[in-house]
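Student: Quick one, start34.cif (mmCIF, N, CA and C atoms):
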```cif
data_protein
loop_
_atom_site.label_atom_id
_atom_site.label_comp_id
_atom_site.auth_asym_id
_atom_site.auth_seq_id
_atom_site.Cartn_x
_atom_site.Cartn_y
_atom_site.Cartn_z
N MET U 891 15.14 -62.82 -33.22
CA MET U 891 15.15 -62.66 -31.78
C MET U 891 13.81 -62.09 -31.32
N PRO U 892 12.98 -62.88 -30.69
CA PRO U 892 11.67 -62.40 -30.26
C PRO U 892 11.74 -61.24 -29.28
N GLU U 893 12.67 -61.26 -28.31
CA GLU U 893 12.77 -60.17 -27.34
C GLU U 893 13.03 -58.84 -28.03
N PHE U 894 13.95 -58.85 -28.99
CA PHE U 894 14.24 -57.62 -29.72
C PHE U 894 12.99 -57.13 -30.41
N SER U 895 12.23 -58.01 -31.03
CA SER U 895 11.02 -57.62 -31.73
C SER U 895 9.99 -57.03 -30.79
N LYS U 896 9.83 -57.60 -29.60
CA LYS U 896 8.89 -57.05 -28.63
C LYS U 896 9.35 -55.68 -28.15
N ASN U 897 10.63 -55.55 -27.85
CA ASN U 897 11.17 -54.25 -27.44
C ASN U 897 10.95 -53.22 -28.53
N GLN U 898 11.26 -53.60 -29.77
CA GLN U 898 11.07 -52.67 -30.88
C GLN U 898 9.60 -52.30 -31.07
N ALA U 899 8.70 -53.26 -30.88
CA ALA U 899 7.26 -52.98 -31.00
C ALA U 899 6.83 -51.95 -29.96
N ILE U 900 7.32 -52.08 -28.75
CA ILE U 900 6.97 -51.14 -27.69
C ILE U 900 7.54 -49.76 -28.01
N ILE U 901 8.81 -49.71 -28.40
CA ILE U 901 9.44 -48.43 -28.75
C ILE U 901 8.75 -47.78 -29.93
N THR U 902 8.41 -48.55 -30.94
CA THR U 902 7.71 -48.02 -32.12
C THR U 902 6.35 -47.43 -31.72
N ALA U 903 5.61 -48.14 -30.86
CA ALA U 903 4.30 -47.64 -30.42
C ALA U 903 4.46 -46.34 -29.63
N LEU U 904 5.45 -46.27 -28.75
CA LEU U 904 5.68 -45.05 -27.98
C LEU U 904 6.06 -43.89 -28.90
N ARG U 905 6.94 -44.14 -29.85
CA ARG U 905 7.33 -43.09 -30.80
C ARG U 905 6.15 -42.61 -31.63
N SER U 906 5.31 -43.56 -32.08
CA SER U 906 4.17 -43.18 -32.91
C SER U 906 3.16 -42.35 -32.11
N ALA U 907 3.18 -42.48 -30.79
CA ALA U 907 2.30 -41.68 -29.94
C ALA U 907 2.92 -40.32 -29.59
N GLY U 908 4.12 -40.06 -30.11
CA GLY U 908 4.76 -38.77 -29.91
C GLY U 908 5.76 -38.71 -28.78
N TYR U 909 6.01 -39.81 -28.12
CA TYR U 909 6.97 -39.80 -27.01
C TYR U 909 8.39 -39.78 -27.55
N GLN U 910 9.28 -39.14 -26.78
CA GLN U 910 10.66 -38.94 -27.21
C GLN U 910 11.61 -39.43 -26.13
N HIS U 911 12.88 -39.45 -26.47
CA HIS U 911 13.95 -39.81 -25.53
C HIS U 911 13.64 -41.12 -24.82
N ILE U 912 13.32 -42.12 -25.58
CA ILE U 912 12.93 -43.41 -25.04
C ILE U 912 14.19 -44.22 -24.70
N THR U 913 14.27 -44.67 -23.47
CA THR U 913 15.38 -45.52 -23.06
C THR U 913 14.80 -46.80 -22.47
N LEU U 914 15.57 -47.86 -22.54
CA LEU U 914 15.14 -49.18 -22.08
C LEU U 914 16.11 -49.70 -21.05
N SER U 915 15.56 -50.15 -19.93
CA SER U 915 16.32 -50.88 -18.93
C SER U 915 15.86 -52.32 -19.02
N VAL U 916 16.75 -53.23 -19.27
CA VAL U 916 16.37 -54.61 -19.55
C VAL U 916 15.87 -55.33 -18.30
N VAL U 917 16.49 -55.11 -17.16
CA VAL U 917 16.05 -55.75 -15.92
C VAL U 917 15.83 -54.66 -14.88
N PRO U 918 14.64 -54.33 -14.47
CA PRO U 918 13.39 -54.85 -15.01
C PRO U 918 13.13 -54.28 -16.39
N LYS U 919 12.17 -54.84 -17.09
CA LYS U 919 11.83 -54.39 -18.45
C LYS U 919 11.10 -53.06 -18.33
N ARG U 920 11.88 -51.98 -18.31
CA ARG U 920 11.36 -50.65 -18.02
C ARG U 920 11.74 -49.68 -19.13
N PHE U 921 10.76 -48.94 -19.62
CA PHE U 921 10.96 -47.93 -20.64
C PHE U 921 10.71 -46.56 -20.01
N LEU U 922 11.66 -45.65 -20.16
CA LEU U 922 11.51 -44.27 -19.73
C LEU U 922 11.39 -43.41 -20.98
N PHE U 923 10.49 -42.44 -20.94
CA PHE U 923 10.27 -41.61 -22.13
C PHE U 923 9.60 -40.32 -21.68
N ASP U 924 9.59 -39.33 -22.58
CA ASP U 924 8.94 -38.08 -22.20
C ASP U 924 8.14 -37.50 -23.35
N LEU U 925 7.28 -36.61 -22.96
CA LEU U 925 6.48 -35.83 -23.89
C LEU U 925 6.67 -34.39 -23.43
N GLY U 926 7.65 -33.73 -24.04
CA GLY U 926 8.02 -32.40 -23.57
C GLY U 926 8.76 -32.50 -22.26
N SER U 927 8.26 -31.82 -21.24
CA SER U 927 8.96 -31.81 -19.95
C SER U 927 8.43 -32.87 -18.98
N CYS U 928 7.48 -33.66 -19.40
CA CYS U 928 6.86 -34.66 -18.53
C CYS U 928 7.42 -36.04 -18.85
N GLN U 929 8.14 -36.64 -17.88
CA GLN U 929 8.72 -37.97 -18.09
C GLN U 929 7.82 -39.04 -17.48
N SER U 930 7.60 -40.10 -18.24
CA SER U 930 6.76 -41.21 -17.81
C SER U 930 7.57 -42.50 -17.85
N GLU U 931 6.97 -43.55 -17.30
CA GLU U 931 7.65 -44.84 -17.20
C GLU U 931 6.66 -45.96 -17.53
N LEU U 932 7.12 -46.92 -18.30
CA LEU U 932 6.33 -48.11 -18.62
C LEU U 932 7.16 -49.31 -18.24
N GLU U 933 6.59 -50.16 -17.38
CA GLU U 933 7.32 -51.35 -16.93
C GLU U 933 6.44 -52.58 -17.12
N PHE U 934 7.06 -53.67 -17.55
CA PHE U 934 6.37 -54.94 -17.75
C PHE U 934 6.95 -55.97 -16.80
N SER U 935 6.08 -56.86 -16.28
CA SER U 935 6.61 -58.00 -15.54
C SER U 935 7.30 -58.90 -16.56
N ARG U 936 8.37 -59.50 -16.17
CA ARG U 936 9.15 -60.35 -17.08
C ARG U 936 8.30 -61.50 -17.60
N THR U 937 7.55 -62.15 -16.72
CA THR U 937 6.75 -63.29 -17.16
C THR U 937 5.65 -62.88 -18.13
N PHE U 938 5.04 -61.72 -17.88
CA PHE U 938 4.01 -61.24 -18.80
C PHE U 938 4.59 -61.02 -20.19
N LEU U 939 5.71 -60.36 -20.26
CA LEU U 939 6.31 -60.07 -21.56
C LEU U 939 6.77 -61.35 -22.25
N ASP U 940 7.33 -62.27 -21.50
CA ASP U 940 7.76 -63.55 -22.08
C ASP U 940 6.59 -64.37 -22.61
N ASP U 941 5.46 -64.32 -21.90
CA ASP U 941 4.31 -65.15 -22.26
C ASP U 941 3.37 -64.53 -23.28
N THR U 942 3.59 -63.26 -23.63
CA THR U 942 2.70 -62.56 -24.54
C THR U 942 3.29 -62.55 -25.95
N SER U 943 2.49 -62.93 -26.93
CA SER U 943 2.98 -62.92 -28.32
C SER U 943 3.14 -61.48 -28.81
N LEU U 944 3.93 -61.32 -29.84
CA LEU U 944 4.16 -60.00 -30.42
C LEU U 944 2.85 -59.38 -30.90
N ASP U 945 1.99 -60.16 -31.56
CA ASP U 945 0.71 -59.63 -32.05
C ASP U 945 -0.16 -59.12 -30.91
N ILE U 946 -0.26 -59.89 -29.85
CA ILE U 946 -1.08 -59.48 -28.70
C ILE U 946 -0.47 -58.25 -28.04
N LEU U 947 0.85 -58.22 -27.92
CA LEU U 947 1.52 -57.07 -27.33
C LEU U 947 1.23 -55.80 -28.12
N GLN U 948 1.30 -55.89 -29.44
CA GLN U 948 1.00 -54.72 -30.27
C GLN U 948 -0.45 -54.27 -30.09
N GLN U 949 -1.38 -55.20 -29.99
CA GLN U 949 -2.78 -54.86 -29.77
C GLN U 949 -2.97 -54.19 -28.41
N LEU U 950 -2.32 -54.74 -27.39
CA LEU U 950 -2.42 -54.15 -26.06
C LEU U 950 -1.82 -52.76 -26.00
N MET U 951 -0.69 -52.56 -26.69
CA MET U 951 -0.08 -51.24 -26.72
C MET U 951 -1.06 -50.21 -27.27
N GLN U 952 -1.70 -50.53 -28.39
CA GLN U 952 -2.62 -49.58 -29.03
C GLN U 952 -3.94 -49.44 -28.26
N GLY U 953 -4.48 -50.55 -27.80
CA GLY U 953 -5.82 -50.53 -27.21
C GLY U 953 -5.89 -50.18 -25.73
N LYS U 954 -4.85 -50.49 -24.97
CA LYS U 954 -4.93 -50.30 -23.51
C LYS U 954 -3.75 -49.55 -22.91
N ILE U 955 -2.54 -49.92 -23.31
CA ILE U 955 -1.36 -49.36 -22.63
C ILE U 955 -1.13 -47.90 -23.01
N LEU U 956 -1.11 -47.57 -24.31
CA LEU U 956 -0.92 -46.17 -24.69
C LEU U 956 -2.03 -45.27 -24.16
N PRO U 957 -3.31 -45.68 -24.21
CA PRO U 957 -4.34 -44.84 -23.59
C PRO U 957 -4.10 -44.60 -22.09
N ALA U 958 -3.63 -45.62 -21.38
CA ALA U 958 -3.33 -45.46 -19.94
C ALA U 958 -2.19 -44.47 -19.75
N ILE U 959 -1.15 -44.60 -20.56
CA ILE U 959 -0.01 -43.67 -20.47
C ILE U 959 -0.48 -42.24 -20.74
N ASN U 960 -1.28 -42.07 -21.78
CA ASN U 960 -1.76 -40.73 -22.14
C ASN U 960 -2.66 -40.14 -21.06
N GLN U 961 -3.43 -40.97 -20.41
CA GLN U 961 -4.33 -40.49 -19.36
C GLN U 961 -3.57 -40.12 -18.09
N TYR U 962 -2.46 -40.80 -17.84
CA TYR U 962 -1.71 -40.60 -16.60
C TYR U 962 -0.28 -40.16 -16.89
N LEU U 963 -0.13 -39.09 -17.65
CA LEU U 963 1.21 -38.58 -17.99
C LEU U 963 2.02 -38.32 -16.72
N GLY U 964 3.28 -38.69 -16.77
CA GLY U 964 4.17 -38.46 -15.64
C GLY U 964 4.11 -39.54 -14.58
N LYS U 965 3.34 -40.59 -14.82
CA LYS U 965 3.19 -41.68 -13.85
C LYS U 965 3.94 -42.92 -14.33
N ARG U 966 3.95 -43.92 -13.48
CA ARG U 966 4.53 -45.24 -13.80
C ARG U 966 3.37 -46.16 -14.15
N VAL U 967 3.41 -46.72 -15.35
CA VAL U 967 2.40 -47.67 -15.80
C VAL U 967 3.06 -49.05 -15.77
N TYR U 968 2.50 -49.94 -14.95
CA TYR U 968 3.04 -51.28 -14.78
C TYR U 968 2.06 -52.28 -15.37
N VAL U 969 2.57 -53.19 -16.21
CA VAL U 969 1.71 -54.16 -16.89
C VAL U 969 2.14 -55.57 -16.50
N ASN U 970 1.15 -56.36 -16.04
CA ASN U 970 1.40 -57.77 -15.76
C ASN U 970 0.16 -58.56 -16.14
N ALA U 971 0.13 -59.83 -15.82
CA ALA U 971 -0.98 -60.69 -16.21
C ALA U 971 -2.31 -60.25 -15.60
N ASN U 972 -2.27 -59.52 -14.51
CA ASN U 972 -3.49 -59.04 -13.86
C ASN U 972 -4.03 -57.75 -14.46
N GLY U 973 -3.27 -57.12 -15.34
CA GLY U 973 -3.72 -55.88 -15.97
C GLY U 973 -2.71 -54.76 -15.84
N ILE U 974 -3.24 -53.55 -15.78
CA ILE U 974 -2.41 -52.34 -15.75
C ILE U 974 -2.59 -51.65 -14.41
N THR U 975 -1.47 -51.27 -13.80
CA THR U 975 -1.48 -50.52 -12.55
C THR U 975 -0.75 -49.21 -12.78
N VAL U 976 -1.33 -48.12 -12.30
CA VAL U 976 -0.70 -46.80 -12.42
C VAL U 976 -0.32 -46.32 -11.03
N THR U 977 0.95 -45.92 -10.88
CA THR U 977 1.45 -45.43 -9.60
C THR U 977 2.30 -44.19 -9.85
N PRO U 978 2.60 -43.43 -8.79
CA PRO U 978 3.52 -42.30 -8.97
C PRO U 978 4.88 -42.81 -9.44
N ARG U 979 5.55 -42.00 -10.20
CA ARG U 979 6.88 -42.34 -10.69
C ARG U 979 7.92 -41.77 -9.75
N PHE U 980 8.87 -42.59 -9.33
CA PHE U 980 9.94 -42.16 -8.46
C PHE U 980 11.24 -42.17 -9.25
N SER U 981 12.09 -41.21 -8.97
CA SER U 981 13.40 -41.19 -9.62
C SER U 981 14.20 -42.37 -9.14
N ARG U 982 14.86 -43.02 -10.10
CA ARG U 982 15.74 -44.14 -9.77
C ARG U 982 17.11 -43.84 -10.31
N ASN U 983 18.11 -44.19 -9.57
CA ASN U 983 19.49 -43.98 -10.04
C ASN U 983 19.95 -45.13 -10.86
#
```
Translate this structure into structure tokens?
Tutor:
Amino acid sequence: MPEFSKNQAIITALRSAGYQHITLSVVPKRFLFDLGSCQSELEFSRTFLDDTSLDILQQLMQGKILPAINQYLGKRVYVNANGITVTPRFSRN
């Protein structure tokens, strides 16, 4: 199952960076996680995730996405074909 592999790759990368309490919302493809008391959010556009191979996704996680998350702790990091956007994180029910 390619989707499971991509989800696992993202979760593995977040865990290896020290993030904890990682949860996944499938629609939208949103990961919530924290580093101590600071909760952050990572969201992917569905088309971007569908069109990106597992190898490229793993490279992007290490080279661009995790550095963006680390630089903007407590924010929402959104990834699509146009790149990475960082915005304030809002509580969602």
Student: Under the rule that all atoms listed in the file are counted, which of U:Ser895, U:Ser930, U:Gln952, U:Ser915 is the nearest residue to Lys965 in chain U?
Tutor: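 Checking each candidate against Lys965 in chain U, we get U:Ser930 as the closest.
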Student: One decimal, Å: what's the distance from CA of Leu932 in chain U over to CA of Val976 in chain U, could you say?
Tutor: 9.5 Å
Student: Taking the file as shown, what set of residues would the PyMOL selection byres ((chain U and resi 934-948) around 5) give back, as an NGL selection string?
Tutor: :U and (919 or 932-933 or 949-952 or 969-970)
Student: Just to be explicit: take each residue in the selection above, keep N, CA and C atoms, and write the result as a short mmCIF file (atom, residue, chain, number, x, y, z; two decimals), in the frame of the given file.
Tutor:
```
data_model
loop_
_atom_site.label_atom_id
_atom_site.label_comp_id
_atom_site.auth_asym_id
_atom_site.auth_seq_id
_atom_site.Cartn_x
_atom_site.Cartn_y
_atom_site.Cartn_z
N LYS U 919 12.17 -54.84 -17.09
CA LYS U 919 11.83 -54.39 -18.45
C LYS U 919 11.10 -53.06 -18.33
N LEU U 932 7.12 -46.92 -18.30
CA LEU U 932 6.33 -48.11 -18.62
C LEU U 932 7.16 -49.31 -18.24
N GLU U 933 6.59 -50.16 -17.38
CA GLU U 933 7.32 -51.35 -16.93
C GLU U 933 6.44 -52.58 -17.12
N GLN U 949 -1.38 -55.20 -29.99
CA GLN U 949 -2.78 -54.86 -29.77
C GLN U 949 -2.97 -54.19 -28.41
N LEU U 950 -2.32 -54.74 -27.39
CA LEU U 950 -2.42 -54.15 -26.06
C LEU U 950 -1.82 -52.76 -26.00
N MET U 951 -0.69 -52.56 -26.69
CA MET U 951 -0.08 -51.24 -26.72
C MET U 951 -1.06 -50.21 -27.27
N GLN U 952 -1.70 -50.53 -28.39
CA GLN U 952 -2.62 -49.58 -29.03
C GLN U 952 -3.94 -49.44 -28.26
N VAL U 969 2.57 -53.19 -16.21
CA VAL U 969 1.71 -54.16 -16.89
C VAL U 969 2.14 -55.57 -16.50
N ASN U 970 1.15 -56.36 -16.04
CA ASN U 970 1.40 -57.77 -15.76
C ASN U 970 0.16 -58.56 -16.14
#
```
Student: I need the residues in chain U that are strand (DSSP E or B) according to DSSP; give them as a ChimeraX atom specification.
Tutor: /U:910-915,919-925,928-934,965-970,973-978
Student: Mind checking which residues fall within 6.5 Å of Thr913 in chain U, counting all atoms listed in the file, ignoring those fewer than 5 positions away in the same chain, and posting them as a ChimeraX atom specification?
Tutor: /U:920-923
Student: What does the distance between atom N of Gly908 in chain U and atom N of Lys954 in chain U come to in Å, to one decimal place?
Tutor: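 The value is 14.7 Å.
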